[in-house]
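What's in query.cif: mmCIF, C-alpha atoms
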```cif
data_start
loop_
_atom_site.label_atom_id
_atom_site.label_comp_id
_atom_site.auth_asym_id
_atom_site.auth_seq_id
_atom_site.Cartn_x
_atom_site.Cartn_y
_atom_site.Cartn_z
CA MET A 18 0.00 0.00 0.00
CA ILE A 19 1.28 3.45 -0.83
CA THR A 20 1.37 5.75 2.18
CA LEU A 21 1.15 9.50 2.38
CA ASP A 22 4.84 10.07 3.03
CA ALA A 23 6.43 7.02 1.50
CA ARG A 24 6.19 5.97 -2.09
CA ARG A 25 6.87 2.55 -3.43
CA ASP A 26 8.78 1.93 -6.58
CA GLU A 27 6.83 -0.98 -7.91
CA GLU A 28 9.75 -2.40 -9.83
CA GLU A 29 12.47 -2.23 -7.23
CA GLN A 30 10.25 -2.31 -4.11
CA ILE A 31 12.01 0.73 -2.75
CA LEU A 32 10.39 3.17 -0.32
CA THR A 33 11.31 6.70 0.63
CA ASP A 34 10.61 8.09 4.09
CA LYS A 35 9.82 11.66 5.17
CA ARG A 36 13.50 12.52 5.40
CA GLY A 37 14.16 11.31 1.90
CA ARG A 38 15.94 8.15 2.97
CA ARG A 39 15.48 5.30 0.51
CA PHE A 40 15.06 1.81 1.86
CA LYS A 41 13.87 -1.66 1.07
CA ARG A 42 11.27 -3.18 3.34
CA VAL A 43 11.74 -6.86 4.12
CA GLU A 44 9.43 -8.92 6.30
CA LEU A 45 11.58 -11.26 8.33
CA ASN A 46 9.48 -13.85 10.06
CA GLY A 47 6.00 -12.52 10.37
CA HIS A 48 6.69 -10.70 13.64
CA TRP A 49 9.55 -8.47 12.57
CA VAL A 50 10.21 -6.23 9.63
CA GLU A 51 13.53 -4.91 8.44
CA TYR A 52 14.28 -1.65 6.64
CA ARG A 53 17.46 -1.71 4.57
CA TYR A 54 18.68 1.78 3.78
CA LEU A 55 20.33 2.47 0.47
CA ASP A 56 22.88 4.94 -0.77
CA ALA A 57 22.61 6.74 -4.09
CA GLY A 58 24.09 3.77 -5.87
CA GLY A 59 21.56 1.36 -4.40
CA ALA A 60 23.96 -0.33 -1.98
CA VAL A 61 22.69 -1.13 1.50
CA THR A 62 24.33 1.17 4.05
CA HIS A 63 22.61 -0.01 7.22
CA ALA A 64 19.46 -1.72 8.41
CA ILE A 65 17.02 -1.51 11.30
CA ALA A 66 14.46 -4.04 12.42
CA PHE A 67 11.44 -3.72 14.67
CA PRO A 68 8.18 -5.57 15.37
CA ARG A 69 5.62 -5.58 12.62
CA VAL A 70 2.66 -6.60 14.72
CA PRO A 71 1.17 -5.36 18.01
CA LEU A 72 2.66 -6.82 21.14
CA ILE A 73 -0.59 -6.70 22.99
CA ALA A 74 -4.06 -6.75 21.53
CA ASP A 75 -6.26 -3.72 22.16
CA GLU A 76 -8.87 -5.93 23.82
CA VAL A 77 -6.29 -6.92 26.42
CA LEU A 78 -5.22 -3.31 26.95
CA ALA A 79 -8.85 -2.48 27.62
CA ASP A 80 -8.96 -5.00 30.48
CA ARG A 81 -9.82 -3.18 33.71
CA ALA A 82 -6.90 -4.78 35.54
CA ILE A 83 -4.57 -3.12 33.07
CA SER A 84 -6.35 0.07 32.20
CA GLU A 85 -7.20 1.28 35.73
CA MET B 11 32.80 35.08 75.14
CA PRO B 12 34.99 36.46 78.04
CA ARG B 13 38.21 38.19 77.26
CA ARG B 14 41.39 36.57 78.44
CA PRO B 15 43.67 38.34 81.01
CA GLY B 16 46.11 40.79 79.53
CA GLY B 17 43.75 41.85 76.76
CA ASP B 18 44.70 39.14 74.27
CA PRO B 19 42.72 39.66 71.09
CA GLU B 20 39.74 37.41 70.52
CA ILE B 21 39.48 36.03 66.99
CA ILE B 22 35.90 34.86 67.08
CA SER B 23 33.23 37.41 67.67
CA PRO B 24 30.72 36.38 70.38
CA ASP B 25 27.79 37.32 68.17
CA GLY B 26 28.99 35.03 65.44
CA GLY B 27 29.70 37.92 63.11
CA PRO B 28 33.03 38.90 61.61
CA PRO B 29 35.89 38.77 64.12
CA ARG B 30 36.94 42.12 65.64
CA LEU B 31 40.22 43.23 67.18
CA ALA B 32 40.43 43.41 71.01
CA VAL B 33 42.84 46.28 71.89
CA PRO B 34 45.36 45.44 74.70
CA TRP B 35 43.92 48.07 77.06
CA VAL B 36 45.74 46.67 80.12
CA LEU B 37 49.14 47.49 78.62
CA TYR B 38 47.93 50.94 77.66
CA GLY B 39 46.63 51.46 81.21
CA ILE B 40 49.94 50.49 82.77
CA SER B 41 51.81 52.88 80.50
CA VAL B 42 49.46 55.75 81.22
CA ILE B 43 49.58 55.16 84.98
CA GLY B 44 53.41 55.02 84.83
CA SER B 45 53.53 58.27 82.92
CA ILE B 46 51.19 60.00 85.36
CA ALA B 47 53.25 58.71 88.29
CA THR B 48 56.43 60.11 86.69
CA VAL B 49 54.85 63.50 86.11
CA VAL B 50 53.53 63.61 89.69
CA ALA B 51 56.94 62.61 91.05
CA ALA B 52 58.65 65.30 88.98
CA ALA B 53 56.12 67.92 90.04
CA PHE B 54 56.51 66.93 93.65
CA SER B 55 60.28 67.13 93.33
CA ALA B 56 60.08 70.58 91.70
CA ALA B 57 57.68 71.82 94.33
CA SER B 58 60.03 70.70 97.01
CA GLY B 59 62.73 73.13 95.69
CA GLY B 60 64.75 71.20 93.17
CA ALA B 61 63.39 72.68 89.94
CA LEU B 62 66.26 71.58 87.73
CA SER B 63 66.36 68.13 89.18
CA GLY B 64 62.58 67.98 88.72
CA LEU B 65 62.85 68.97 85.05
CA TRP B 66 65.62 66.45 84.57
CA LEU B 67 63.40 63.77 86.13
CA VAL B 68 60.61 64.73 83.74
CA LEU B 69 62.89 64.42 80.71
CA VAL B 70 64.47 61.22 81.89
CA PHE B 71 61.30 59.41 82.92
CA LEU B 72 58.60 60.92 80.75
CA ALA B 73 60.34 60.51 77.40
CA PRO B 74 60.63 56.71 77.64
CA GLN B 75 56.99 56.51 78.63
CA VAL B 76 55.97 58.52 75.57
CA GLY B 77 58.18 56.29 73.47
CA LEU B 78 56.58 53.22 75.01
CA LEU B 79 53.13 54.56 74.24
CA LEU B 80 54.08 55.24 70.63
CA THR B 81 55.56 51.77 70.34
CA LEU B 82 52.46 50.19 71.78
CA GLY B 83 50.27 52.22 69.45
CA TYR B 84 52.28 51.09 66.46
CA GLN B 85 52.13 47.47 67.66
CA ALA B 86 48.40 47.77 68.09
CA PHE B 87 48.08 49.06 64.54
CA VAL B 88 50.24 46.27 63.12
CA PHE B 89 48.48 43.61 65.17
CA SER B 90 45.06 44.91 64.27
CA ARG B 91 45.89 44.54 60.57
CA ALA B 92 47.26 41.06 61.14
CA TYR B 93 44.27 40.00 63.23
CA GLN B 94 41.88 41.35 60.64
CA GLU B 95 43.58 39.25 57.99
CA VAL B 96 43.54 36.19 60.21
CA GLY B 97 39.92 36.87 61.07
CA ASN B 98 38.99 37.20 57.42
CA SER B 99 40.78 33.94 56.64
CA PHE B 100 38.92 32.18 59.45
CA ARG B 101 35.64 33.65 58.32
CA MET B 102 36.20 32.51 54.74
CA ALA B 103 37.26 29.09 55.98
CA ILE B 104 34.12 28.84 58.11
CA VAL B 105 31.87 29.90 55.23
CA GLY B 106 33.65 27.44 52.93
CA ASN B 107 33.23 24.66 55.45
CA GLN B 108 29.54 25.45 55.86
CA GLN B 109 29.13 25.20 52.09
CA ARG B 110 31.03 21.91 52.03
CA ILE B 111 28.85 20.57 54.83
CA GLN B 112 25.74 21.56 52.91
CA ASP B 113 27.11 19.89 49.78
CA LEU B 114 27.88 16.75 51.75
CA GLU B 115 24.39 16.73 53.27
CA THR B 116 22.88 17.10 49.80
CA ALA B 117 25.07 14.34 48.42
CA LEU B 118 24.21 12.13 51.37
CA GLY B 119 20.50 12.72 50.82
CA LYS B 120 20.85 11.91 47.14
CA SER B 121 22.88 8.85 47.95
CA GLU B 122 20.12 7.65 50.28
CA GLY B 123 17.58 8.30 47.54
CA TYR B 124 19.61 6.38 44.97
CA ARG B 125 20.09 3.51 47.39
CA GLY B 126 16.35 3.33 47.90
CA MET B 127 15.77 3.52 44.16
CA ALA B 128 18.32 0.78 43.53
CA ARG B 129 16.45 -1.48 45.95
CA GLN B 130 13.14 -0.78 44.22
CA ILE B 131 14.59 -1.27 40.74
CA SER B 132 16.16 -4.51 41.92
CA ASP B 133 12.70 -5.62 43.08
CA VAL B 134 11.30 -4.73 39.65
CA VAL B 135 13.93 -6.81 37.86
CA ASP B 136 13.35 -9.69 40.29
CA ARG B 137 9.64 -9.49 39.59
CA ILE B 138 10.20 -9.65 35.84
CA SER B 139 12.51 -12.64 36.27
CA ALA B 140 10.01 -14.38 38.52
CA GLU B 141 7.25 -13.78 35.99
CA LEU B 142 9.40 -15.27 33.23
CA VAL B 143 10.13 -18.33 35.37
CA ARG B 144 6.44 -18.69 36.20
CA ALA B 145 5.48 -18.42 32.54
CA ASN B 146 8.16 -20.98 31.70
CA THR B 147 8.77 -19.98 28.09
CA ASP B 148 5.75 -18.18 26.73
CA LEU B 149 4.31 -15.01 28.11
CA ASP B 150 0.85 -14.36 26.76
CA ASP B 151 -0.78 -11.00 26.03
CA LYS B 152 -2.49 -10.57 29.35
CA ALA B 153 0.48 -11.70 31.44
CA LEU B 154 2.76 -9.29 29.59
CA ALA B 155 0.27 -6.43 29.83
CA LEU B 156 -0.12 -6.94 33.58
CA LEU B 157 3.63 -7.21 34.02
CA LEU B 158 4.28 -4.01 32.06
CA ARG B 159 1.66 -2.13 34.08
CA LYS B 160 3.20 -3.20 37.38
CA VAL B 161 6.67 -2.40 36.15
CA CYS B 162 5.57 1.09 35.08
CA LEU B 163 3.96 1.68 38.47
CA LYS B 164 6.99 0.53 40.43
CA VAL B 165 9.52 2.35 38.27
CA ALA B 166 7.50 5.58 38.49
CA THR B 167 7.38 5.21 42.28
CA ALA B 168 11.10 4.51 42.49
CA TYR B 169 12.06 7.55 40.44
CA SER B 170 9.51 9.78 42.18
CA ASN B 171 10.90 8.81 45.59
CA SER B 172 14.47 9.25 44.46
CA SER B 173 14.07 12.56 42.64
CA GLY B 174 11.49 14.05 45.00
CA VAL B 175 9.26 15.07 42.09
CA ALA B 176 6.34 13.30 40.44
CA CYS B 177 7.50 11.07 37.59
CA ARG B 178 5.61 9.23 34.88
CA VAL B 179 6.58 6.01 33.15
CA CYS B 180 5.23 4.30 30.08
CA VAL B 181 6.21 1.62 27.58
CA LYS B 182 5.66 2.34 23.90
CA GLN B 183 5.95 -0.39 21.33
CA VAL B 184 7.50 0.17 17.91
CA MET B 185 5.55 -1.29 15.04
CA GLU B 186 4.02 -0.63 11.66
CA LYS B 187 0.41 0.34 11.40
CA PRO B 188 -1.37 -2.65 9.88
CA ASP B 189 -2.50 -0.53 6.94
CA GLU B 190 0.70 1.49 6.54
CA PRO B 191 3.68 -0.74 5.92
CA GLY B 192 6.87 1.22 5.45
CA LYS B 193 6.42 3.61 8.36
CA PRO B 194 7.48 2.86 11.94
CA TYR B 195 5.11 4.11 14.62
CA VAL B 196 5.05 3.90 18.40
CA LYS B 197 2.01 3.21 20.52
CA ALA B 198 1.67 3.12 24.31
CA VAL B 199 1.02 -0.36 25.66
CA ALA B 200 1.49 0.38 29.35
CA ARG B 201 1.50 3.39 31.68
CA ASP B 202 1.90 3.80 35.40
CA THR B 203 -1.49 5.52 35.31
CA GLY B 204 -3.06 2.74 33.24
CA THR B 205 -3.70 2.48 29.53
CA THR B 206 -6.46 4.57 28.07
CA LEU B 207 -8.70 4.47 25.05
CA ASP B 208 -6.59 7.34 23.76
CA ASP B 209 -3.50 5.14 24.00
CA ARG B 210 -5.17 2.39 22.04
CA GLN B 211 -6.16 4.77 19.28
CA ARG B 212 -3.15 7.08 19.18
CA TRP B 213 -0.17 6.23 17.02
CA HIS B 214 2.96 8.36 16.89
CA LEU B 215 5.14 8.38 13.81
CA VAL B 216 8.74 7.72 14.87
CA GLU B 217 10.09 10.29 12.44
CA ASP B 218 8.02 13.01 14.14
CA ASN B 219 9.49 12.32 17.57
CA THR B 220 13.08 13.37 18.11
CA ASP B 221 13.80 10.97 20.94
CA PHE B 222 12.35 7.86 19.33
CA GLU B 223 13.97 8.57 16.01
CA ALA B 224 17.38 9.11 17.60
CA LEU B 225 17.08 5.78 19.40
CA LEU B 226 15.68 3.75 16.51
CA PHE B 227 17.84 5.14 13.71
CA GLY B 228 20.81 6.36 15.72
CA ARG B 229 21.00 3.24 17.86
CA LEU B 230 21.71 5.30 20.99
CA GLU B 231 21.85 3.57 24.37
CA PHE B 232 19.46 6.13 25.84
CA TRP B 233 18.01 9.57 25.19
CA PHE B 234 18.45 12.04 28.02
CA CYS B 235 17.24 15.62 28.32
CA THR B 236 17.29 17.81 31.42
CA ASP B 237 14.74 20.27 30.08
CA ILE B 238 13.07 20.00 26.70
CA GLN B 239 11.73 23.55 27.14
CA ASP B 240 15.24 24.89 27.15
CA ARG B 241 15.41 27.29 24.23
CA THR B 242 18.42 25.61 22.65
CA ILE B 243 16.80 22.18 22.87
CA ILE B 244 13.19 22.84 22.01
CA ALA B 245 14.20 24.40 18.70
CA ASN B 246 15.26 20.96 17.51
CA TYR B 247 12.81 18.86 19.52
CA PHE B 248 9.78 17.38 17.84
CA ASN B 249 7.09 15.40 19.57
CA THR B 250 3.56 14.33 18.77
CA SER B 251 2.36 13.94 22.35
CA PRO B 252 -0.93 15.71 22.95
CA GLY B 253 -0.68 19.08 24.69
CA ASP B 254 2.19 21.52 24.73
CA HIS B 255 4.89 19.28 26.19
CA PRO B 256 3.46 18.69 29.70
CA TYR B 257 6.88 17.44 30.80
CA ARG B 258 10.39 18.84 30.91
CA SER B 259 12.85 16.19 32.06
CA VAL B 260 12.92 13.13 29.82
CA VAL B 261 14.81 9.85 29.67
CA VAL B 262 14.01 7.18 27.09
CA TRP B 263 15.63 3.77 26.84
CA PRO B 264 15.29 1.32 23.93
CA ILE B 265 13.97 -2.09 24.87
CA LEU B 266 16.03 -4.44 22.74
CA ALA B 267 14.83 -7.93 21.95
CA SER B 268 16.11 -10.75 19.82
CA THR B 269 14.07 -11.18 16.69
CA GLY B 270 14.61 -14.94 16.82
CA ARG B 271 15.31 -15.12 13.11
CA SER B 272 18.51 -17.13 12.97
CA ASN B 273 17.48 -18.72 9.69
CA SER B 274 16.38 -15.53 8.00
CA ASP B 275 18.43 -13.39 5.68
CA SER B 276 18.31 -10.44 8.06
CA LEU B 277 21.08 -7.89 7.83
CA THR B 278 20.73 -6.78 11.43
CA GLU B 279 22.35 -8.98 13.99
CA GLY B 280 21.39 -9.77 17.54
CA TYR B 281 18.94 -7.39 19.11
CA ASP B 282 16.62 -4.76 17.71
CA VAL B 283 14.37 -2.09 19.16
CA ALA B 284 11.03 -3.59 20.11
CA ALA B 285 9.80 -0.78 22.35
CA PHE B 286 10.80 2.20 24.45
CA LEU B 287 10.78 2.68 28.19
CA CYS B 288 9.89 6.34 28.76
CA LEU B 289 10.40 8.34 31.94
CA ASP B 290 9.48 11.99 32.33
CA SER B 291 8.72 14.66 34.90
CA GLY B 292 7.15 18.10 34.82
CA GLN B 293 10.19 19.46 36.64
CA PRO B 294 13.42 20.37 34.83
CA ASN B 295 16.66 18.67 35.91
CA ALA B 296 14.71 15.93 37.67
CA PHE B 297 17.12 13.19 36.63
CA ASP B 298 20.81 12.58 36.91
CA LYS B 299 22.52 10.96 33.97
CA GLU B 300 25.15 9.22 36.04
CA ASN B 301 22.82 7.65 38.59
CA ASP B 302 19.35 7.51 37.05
CA VAL B 303 20.14 6.22 33.58
CA PRO B 304 21.81 2.91 34.59
CA MET B 305 18.78 1.97 36.73
CA GLY B 306 16.43 2.36 33.78
CA THR B 307 18.83 0.42 31.57
CA LEU B 308 18.48 -2.55 33.92
CA VAL B 309 14.70 -2.41 33.68
CA ALA B 310 14.80 -2.06 29.88
CA GLN B 311 17.11 -5.06 29.59
CA ALA B 312 14.86 -7.18 31.79
CA LEU B 313 11.82 -6.12 29.76
CA GLY B 314 13.65 -7.20 26.62
CA ARG B 315 13.71 -10.76 27.97
CA ALA B 316 9.99 -10.51 28.76
CA PHE B 317 9.31 -9.37 25.19
CA GLU B 318 11.28 -12.31 23.82
CA ALA B 319 9.22 -14.67 25.97
CA HIS B 320 6.14 -12.99 24.60
CA TYR B 321 7.29 -13.41 20.99
CA ALA B 322 7.85 -17.08 21.75
CA SER B 323 4.11 -17.31 22.34
CA PHE B 324 3.43 -16.13 18.79
CA PRO B 325 2.60 -18.76 16.17
CA ASN B 326 5.01 -18.97 13.26
CA ASP B 327 2.29 -18.52 10.66
CA VAL B 328 1.59 -14.90 11.50
CA SER B 329 -0.36 -13.18 8.79
CA THR B 330 1.85 -11.10 6.59
CA THR B 331 -0.97 -9.16 5.05
CA THR B 332 -2.94 -7.64 7.91
CA GLY B 333 -0.22 -7.04 10.44
CA GLU B 334 -2.30 -8.83 13.08
CA LYS B 335 -1.13 -12.01 14.67
CA SER B 336 -3.29 -15.05 14.17
CA MET B 337 -4.05 -16.78 17.42
#
```

Represent the structure from my file as structure tokens, please.
Amino acid sequence: MITLDARRDEEEQILTDKRGRRFKRVELNGHWVEYRYLDAGGAVTHAIAFPRVPLIADEVLADRAISE
Amino acid sequence: MPRRPGGDPEIISPDGGPPRLAVPWVLYGISVIGSIATVVAAAFSAASGGALSGLWLVLVFLAPQVGLLLTLGYQAFVFSRAYQEVGNSFRMAIVGNQQRIQDLETALGKSEGYRGMARQISDVVDRISAELVRANTDLDDKALALLLRKVCLKVATAYSNSSGVACRVCVKQVMEKPDEPGKPYVKAVARDTGTTLDDRQRWHLVEDNTDFEALLFGRLEFWFCTDIQDRTIIANYFNTSPGDHPYRSVVVWPILASTGRSNSDSLTEGYDVAAFLCLDSGQPNAFDKENDVPMGTLVAQALGRAFEAHYASFPNDVSTTTGEKSM
């Protein structure tokens, strides 16, 4: 899906964030996603990974024992 | 304070104020009495018929007395200068010592506070460990949510007690919005005050929050700010929290967790940022980098293990299209 601040190059699957950084998005194992940042030549300079899915479901967060 | 015999100068003023010189009046008195006695003796001698011998007596005996008085006056002047200098030195030493005592008392109070905080943080880490042991390997949603809430409460209490000002603590998870892949957001999953509907609905783009972006992209060990309303800081500080920055002192730690992807082709190794542990206070300079930051690091590290236990409870066939885990 194309977002407001990131555009996807359909051929190369490359995104650009708000700061103009270009990266490839790679889903690792269902829980985590990795962004691989590219230099002008298309080489990966560094990568970050973080969870792709919620840790805790909203229904659980709404539990009174947790929310009060 | 009584004066000592002989008119010795007293260094310390009895009223506690600056020391003053005590003039040796006894010596002056003796000199004056001696001079008067000489004059009387000379006058008596002259009156008794020996005018020349009387004048001679006056010259012989009065001159040394005048000399003695002048000498004593000069000594008094010299001594008064010396005593004033000594007094000033003592006064400065006393003031300096009082300041050092105050500094020591402050340091002692802080040390007591940090010791208390260390005990409370140790309890928090023990509690997390105990919860992980109890859960064996997997920590489900509710167990993790309850654990995070208790941790936030205890950490907020520990820092509030230590700093003497009200502190707030929350845990914000990093993740993509299910319908916006390609953009990392954070969302509160636990607060010391409890999660709210607002938390469940409010997402914060990492790129719009200076602290989170610095930690996620800069891979810092922590983000520390004594006062975000400081003019030099706020100019470069961006935050999407509601309200006009209702806090001033901020510390944020990354909660690193293993992604458990040993067989994947990931380029990142080891641990990645799963969430943030956030501490703030409405007071500036509420936290001390040297003492407060390591305590939070311990909590963040322990929470990383809890997150890993939680990920272990996830099935491997997580949906890759909706961003929601299938249970």

*asked:* Could you list, as a PyMOL selection string, every residue matched by the PyMOL selection byres ((chain A) within 8 of (chain B)) in this structure?
replied: chain A and resi 18-20+23+32+34-35+42+44-49+51+53+64-75+77-79+82-85

_I'd like the interatomic distance between atom CA of B:Ser251 and atom CA of B:Val165, to a tenth of an Å._
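About the pair atom CA of B:Ser251 and atom CA of B:Val165: they are 21.0 Å apart.
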
*Is there a way to get, as a PyMOL selection string, all residues within 10 Å of the point (9.1, 4.5, 40.1) in file coordinates, counting all atoms listed in the file?*
chain B and resi 127+130-131+134+161-173+176-179+202+289+306

*asked:* Just the number, please: distance in Å from atom CA of A:Phe40 to atom CA of B:Pro264, one decimal.
replied: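 Taking atom CA of A:Phe40 and atom CA of B:Pro264, their separation equals 22.1 Å.
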
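Residues matched by the PyMOL selection byres ((chain B and resi 138) around 10) in this structure: Ser132, Asp133, Val134, Val135, Asp136, Arg137, Ser139, Ala140, Glu141, Leu142, Val143, Arg144, Leu154, Leu157, Leu158, Lys160, Val161, Val309, Ala312, Leu313, Arg315 and Ala316 of chain B.
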
*What does the distance from atom CA of B:Leu230 to atom CA of B:Trp263 come to in Å, to one decimal?*
8.6 Å

_Picked residues, the PyMOL selection byres ((chain B and resi 302) around 10), expected as a ChimeraX atom specification_ = /B:124,127-128,169,172-173,261,296-301,303-307
